[in-house]
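*Asks:* Got a structure for you, written out below as structure tokens; questions coming shortly.
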Amino acid sequence: MTLPNDIPLQKLQFYVTTGYACGYLPKKMAQSLIATPQTLVDATVYSGLIQQGFRRSGKFAYRPHCEHCNACVSVRIPVATFKKTRSQQRAWKKHQSLTVTLVEVGFHEAHFALYRAYQLQRHSDGPDYLGDIEDEANQYRQFLCQSHVDSVMVEFRAANGALKMVSVIDLVGDGLSAVYTFYDTQDHASYGTYSILWQLNWAAHLGLPYVYLGYWIAESAKMTYKQQFQPQQKLIDGEWCT
């Protein structure tokens, strides 16, 4: 695969992974297109890739490449035209008291503890699920604590100093890319919504036109929240459309 309109991207090679179980659509297999070598996917190159529907997981830049499925659609929010809904306005006001700190991407024990609790509550097979902590820590490091691009971890803390949420964000040429957010699920809160609103506000402050939300799948209930942020653009047949 070649990308003729961008000279830096021409230096990359792309390969298709073997099939693996889709994490969003049950009983379906998925494949990904991986950009290599990893060392060439720096901030400039990744800024070009994300405009073409790629995402980042650790040091890997990838895009869905399923032979018989095109359910994954890249979505982004134009910062200048975004309008909060009433519920989003309430979430914004509710969490204004959170203290925000930008920290370097890396492994932090408090972050991992919050991540593990979040995974157990939201993405486990049930209340008795418990993985090997060392394996989970290694997977966490590979997923969120490594990057070849301009990335940052954003801490959101309550007035008493308690860590409530962490967002991992990439800064790309034309916006911010929401890599992953995890938070305290025990609170009666709207942390996920607030994280995206905060990123939109930060992008506006930086003069960046877009916030990339990754992939949206119409059939996946896990992705429903992304459609609550409008207006929105989708990458369809290589073109960003409203």
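Within each chain, counting starts at residue 1; across the structure tokens, chains are named A, B, ... in the order shown, with ligands numbered 1 upward in that order.
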Near segment 226-233 of chain A, counting only C-alpha atoms, which residues have an atom at most 8 Å away, once you skip same-chain residues fewer than 4 positions from it, shown as a list in words?

*Replies:*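 Skipping anything fewer than 4 positions along the chain leaves Val75, Arg76, Ile77, Pro78, Thr81, Phe82, Lys83, Lys84, Leu213, Trp216, Trp240, Cys241 and Thr242 of chain A.
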
*Asks:* Using only C-alpha atoms, please write the residues we just selected to a file, as a tab-separated table (two decimals), in the first residue's frame.

*Replies:*
chain	number	residue	atom	x	y	z
A	75	VAL	CA	-15.11	10.38	13.65
A	76	ARG	CA	-13.92	13.82	14.68
A	77	ILE	CA	-15.53	16.95	16.15
A	78	PRO	CA	-14.97	20.36	14.52
A	81	THR	CA	-18.99	24.52	15.40
A	82	PHE	CA	-19.50	22.17	18.36
A	83	LYS	CA	-22.50	23.01	20.54
A	84	LYS	CA	-23.08	21.56	24.01
A	213	LEU	CA	-12.69	10.44	18.88
A	216	TRP	CA	-17.66	4.73	15.87
A	240	TRP	CA	-14.31	13.70	5.88
A	241	CYS	CA	-18.05	14.32	5.63
A	242	THR	CA	-20.64	15.90	7.93

*Asks:* Write out, as a Markdown table, each residue of segment 6-115 of chain A that has an atom at most 10 Å from segment 176-179 of chain A, together with the closest pair of atoms and their distance in Å to one decimal, counting only C-alpha atoms, rows going by chain and rising number.

*Replies:*
| residue | atom | partner | partner_atom | distance |
| --- | --- | --- | --- | --- |
| A:Ser47 | CA | A:Ser177 | CA | 9.8 |
| A:Ile50 | CA | A:Ser177 | CA | 8.6 |
| A:Arg55 | CA | A:Val179 | CA | 8.1 |
| A:Arg56 | CA | A:Val179 | CA | 7.2 |
| A:Ser57 | CA | A:Val179 | CA | 7.9 |
| A:Gly58 | CA | A:Val179 | CA | 9.6 |
| A:Arg76 | CA | A:Ser177 | CA | 8.7 |
| A:Ile77 | CA | A:Leu176 | CA | 10.0 |

*Asks:* Can you list every residue in segment 58-110 of chain A that DSSP puts in strand (DSSP E), as a list in words?

*Replies:*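 DSSP-assigned strand (DSSP E) residues in segment 58-110 of chain A: Phe60, Ala61, Tyr62, Arg63, Pro64, Val73, Ser74, Val75, Arg76, Ile77, Pro78, Thr99, Val100, Thr101, Leu102 and Val103 of chain A.
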
*Asks:* Just to be explicit: take each residue in the selection above, keep N, CA and C atoms, and write the result as a compact mmCIF listing (two decimals), in the first residue's frame.

*Replies:*
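Saved result, again11.txt, follows:
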# COMPACT_ATOMS: atom_id res chain seq x y z
N PHE A 60 2.16 1.43 18.15
CA PHE A 60 1.62 0.98 16.87
C PHE A 60 0.58 1.95 16.33
N ALA A 61 0.68 2.27 15.04
CA ALA A 61 -0.36 3.00 14.33
C ALA A 61 -1.11 1.99 13.48
N TYR A 62 -2.42 1.96 13.60
CA TYR A 62 -3.21 0.92 12.94
C TYR A 62 -4.52 1.50 12.40
N ARG A 63 -5.13 0.74 11.50
CA ARG A 63 -6.45 1.06 10.97
C ARG A 63 -7.19 -0.24 10.72
N PRO A 64 -8.49 -0.31 11.01
CA PRO A 64 -9.24 -1.53 10.71
C PRO A 64 -9.14 -1.88 9.22
N VAL A 73 -15.98 3.42 11.71
CA VAL A 73 -15.95 4.71 11.02
C VAL A 73 -15.20 5.71 11.89
N SER A 74 -14.15 6.33 11.34
CA SER A 74 -13.41 7.36 12.06
C SER A 74 -14.29 8.60 12.21
N VAL A 75 -14.31 9.18 13.42
CA VAL A 75 -15.11 10.38 13.65
C VAL A 75 -14.26 11.45 14.34
N ARG A 76 -14.58 12.69 14.03
CA ARG A 76 -13.92 13.82 14.68
C ARG A 76 -14.92 14.95 14.86
N ILE A 77 -14.65 15.82 15.84
CA ILE A 77 -15.53 16.95 16.15
C ILE A 77 -14.86 18.24 15.71
N PRO A 78 -15.50 19.03 14.83
CA PRO A 78 -14.97 20.36 14.52
C PRO A 78 -15.16 21.28 15.73
N THR A 99 -9.37 19.53 39.60
CA THR A 99 -8.06 20.09 39.30
C THR A 99 -7.41 19.28 38.19
N VAL A 100 -6.89 19.98 37.18
CA VAL A 100 -6.33 19.32 36.01
C VAL A 100 -4.81 19.51 35.97
N THR A 101 -4.10 18.40 35.79
CA THR A 101 -2.64 18.43 35.71
C THR A 101 -2.18 17.59 34.53
N LEU A 102 -1.29 18.14 33.71
CA LEU A 102 -0.70 17.41 32.60
C LEU A 102 0.59 16.77 33.07
N VAL A 103 0.73 15.47 32.86
CA VAL A 103 1.93 14.75 33.28
C VAL A 103 2.50 13.98 32.09

*Asks:* Counting only C-alpha atoms, which of A:Tyr20, A:Tyr115, A:Phe182, A:Tyr215 gets nearest to Leu235 of chain A?

*Replies:*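 Nearest candidate to Leu235 of chain A out of A:Tyr20, A:Tyr115, A:Phe182, A:Tyr215: A:Tyr215.
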
*Asks:* Compare A:His65, A:His108, A:Lys93, A:His188 by their minimum atom-to-atom distance to Tyr15 of chain A, counting only C-alpha atoms, and give me the closest one.

*Replies:*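 Looking at the shortest contact to Tyr15 of chain A, the residue is A:His65.
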
*Asks:* Take atom CA of Leu25 of chain A and atom CA of Cys66 of chain A and report the distance between them in Å, one decimal.

*Replies:*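 About the pair atom CA of Leu25 of chain A and atom CA of Cys66 of chain A: they are 12.3 Å apart.
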
*Asks:* With only C-alpha atoms as the basis for distance, which of A:Ser190, A:Glu104, A:Gln52, A:Trp198 is at the shortest distance from Glu239 of chain A?

*Replies:*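 That would be A:Gln52, the residue with the smallest distance to Glu239 of chain A.
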
*Asks:* Contacts of Tyr194 of chain A at 9 Å or less, counting only C-alpha atoms, minus same-chain residues fewer than 2 places along, as a PyMOL selection string?

*Replies:* chain A and resi 88+91-92+94-96+190-192+196-199

*Asks:* Tell me which protein, DNA and RNA residues are within 6 Å of Pro209 of chain A, counting only C-alpha atoms, leaving out same-chain ones fewer than 4 positions away, and put them as a PDB file with N, CA and C atoms, in the first residue's frame.

*Replies:*
ATOM      1  N   PRO A  78     -15.498  19.028  14.835  1.00  0.00           N
ATOM      2  CA  PRO A  78     -14.970  20.360  14.517  1.00  0.00           C
ATOM      3  C   PRO A  78     -15.163  21.280  15.727  1.00  0.00           C
ATOM      4  N   VAL A  79     -14.082  21.768  16.261  1.00  0.00           N
ATOM      5  CA  VAL A  79     -14.139  22.539  17.507  1.00  0.00           C
ATOM      6  C   VAL A  79     -14.983  23.807  17.354  1.00  0.00           C
ATOM      7  N   ASP A 174      -3.515  18.823  13.333  1.00  0.00           N
ATOM      8  CA  ASP A 174      -4.747  19.599  13.220  1.00  0.00           C
ATOM      9  C   ASP A 174      -5.718  19.350  14.365  1.00  0.00           C
ATOM     10  N   GLY A 175      -5.209  18.847  15.483  1.00  0.00           N
ATOM     11  CA  GLY A 175      -6.125  18.661  16.595  1.00  0.00           C
ATOM     12  C   GLY A 175      -5.584  17.820  17.720  1.00  0.00           C
TER      13      GLY A 175
END

*Asks:* Produce a table with one row for each residue of segment 65-98 of chain A that has an atom at most 12 Å from any atom of segment 30-38 of chain A, each row naming the nearest atom pair and its distance in Å at one decimal; use only C-alpha atoms; arrange rows by chain and rising residue number; format as JSON lines.

*Replies:*
{"residue": "A:His65", "atom": "CA", "partner": "A:Ser32", "partner_atom": "CA", "distance": 4.8}
{"residue": "A:Cys66", "atom": "CA", "partner": "A:Gln31", "partner_atom": "CA", "distance": 5.0}
{"residue": "A:Glu67", "atom": "CA", "partner": "A:Gln31", "partner_atom": "CA", "distance": 7.9}
{"residue": "A:His68", "atom": "CA", "partner": "A:Ala30", "partner_atom": "CA", "distance": 9.3}
{"residue": "A:Cys69", "atom": "CA", "partner": "A:Ala30", "partner_atom": "CA", "distance": 8.4}
{"residue": "A:Asn70", "atom": "CA", "partner": "A:Ala30", "partner_atom": "CA", "distance": 10.2}
{"residue": "A:Ala71", "atom": "CA", "partner": "A:Ala30", "partner_atom": "CA", "distance": 10.6}
{"residue": "A:Cys72", "atom": "CA", "partner": "A:Ala30", "partner_atom": "CA", "distance": 10.5}

*Asks:* Just C-alpha atoms for this one: save the residues we selected as a short mmCIF file (atom, residue, chain, number, x, y, z; two decimals), in the first residue's frame.

*Replies:*
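Listed below is the output, result-v3.cif:
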data_model
loop_
_atom_site.label_atom_id
_atom_site.label_comp_id
_atom_site.auth_asym_id
_atom_site.auth_seq_id
_atom_site.Cartn_x
_atom_site.Cartn_y
_atom_site.Cartn_z
CA HIS A 65 -8.85 -3.63 7.57
CA CYS A 66 -11.60 -6.24 7.70
CA GLU A 67 -12.32 -8.01 4.43
CA HIS A 68 -16.09 -8.25 4.78
CA CYS A 69 -16.86 -5.43 7.20
CA ASN A 70 -16.56 -1.64 7.20
CA ALA A 71 -18.45 -0.97 10.42
CA CYS A 72 -15.60 1.05 12.00
#

*Asks:* Could you state the separation of atom CA of Phe54 of chain A and atom CA of Asp184 of chain A in Å, given to one decimal place?

*Replies:*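 So the answer is 28.7 Å.
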
*Asks:* What's the 12 Å shell around Ser97 of chain A, counting only C-alpha atoms, without same-chain residues fewer than 6 positions away, as a PyMOL selection string?

*Replies:* chain A and resi 91+156-161+164+194

*Asks:* Selection from above, N, CA and C atoms, as an mmCIF file, in the first residue's frame, can you write it?

*Replies:*
data_model
loop_
_atom_site.group_PDB
_atom_site.id
_atom_site.type_symbol
_atom_site.label_atom_id
_atom_site.label_comp_id
_atom_site.auth_asym_id
_atom_site.auth_seq_id
_atom_site.Cartn_x
_atom_site.Cartn_y
_atom_site.Cartn_z
ATOM 1 N N ALA A 91 -22.984 18.644 32.775
ATOM 2 C CA ALA A 91 -21.766 17.890 33.094
ATOM 3 C C ALA A 91 -20.572 18.821 33.184
ATOM 4 N N PHE A 156 -7.223 14.306 36.444
ATOM 5 C CA PHE A 156 -8.329 15.087 36.994
ATOM 6 C C PHE A 156 -8.514 14.636 38.439
ATOM 7 N N ARG A 157 -8.351 15.576 39.370
ATOM 8 C CA ARG A 157 -8.426 15.259 40.798
ATOM 9 C C ARG A 157 -9.498 16.090 41.498
ATOM 10 N N ALA A 158 -10.088 15.477 42.537
ATOM 11 C CA ALA A 158 -11.061 16.167 43.369
ATOM 12 C C ALA A 158 -10.341 17.138 44.298
ATOM 13 N N ALA A 159 -11.124 17.951 45.014
ATOM 14 C CA ALA A 159 -10.549 18.962 45.898
ATOM 15 C C ALA A 159 -9.686 18.342 46.987
ATOM 16 N N ASN A 160 -9.998 17.102 47.387
ATOM 17 C CA ASN A 160 -9.212 16.433 48.428
ATOM 18 C C ASN A 160 -7.973 15.723 47.871
ATOM 19 N N GLY A 161 -7.730 15.883 46.580
ATOM 20 C CA GLY A 161 -6.553 15.278 45.958
ATOM 21 C C GLY A 161 -6.784 13.904 45.374
ATOM 22 N N LYS A 164 -9.533 11.082 40.123
ATOM 23 C CA LYS A 164 -10.855 10.710 39.632
ATOM 24 C C LYS A 164 -10.863 10.249 38.181
ATOM 25 N N TYR A 194 -17.324 14.780 30.484
ATOM 26 C CA TYR A 194 -16.517 15.945 30.846
ATOM 27 C C TYR A 194 -15.132 15.888 30.201
#

*Asks:* What parts of segment 61-115 of chain A does DSSP call alpha helix (DSSP H)? I'd like the answer as number ranges by chain.

*Replies:* A: 86-94, 109-115

*Asks:* Could you tell me how far atom CA of Val168 of chain A lies from atom CA of Val105 of chain A, in Å and to one decimal?

*Replies:* 8.0 Å
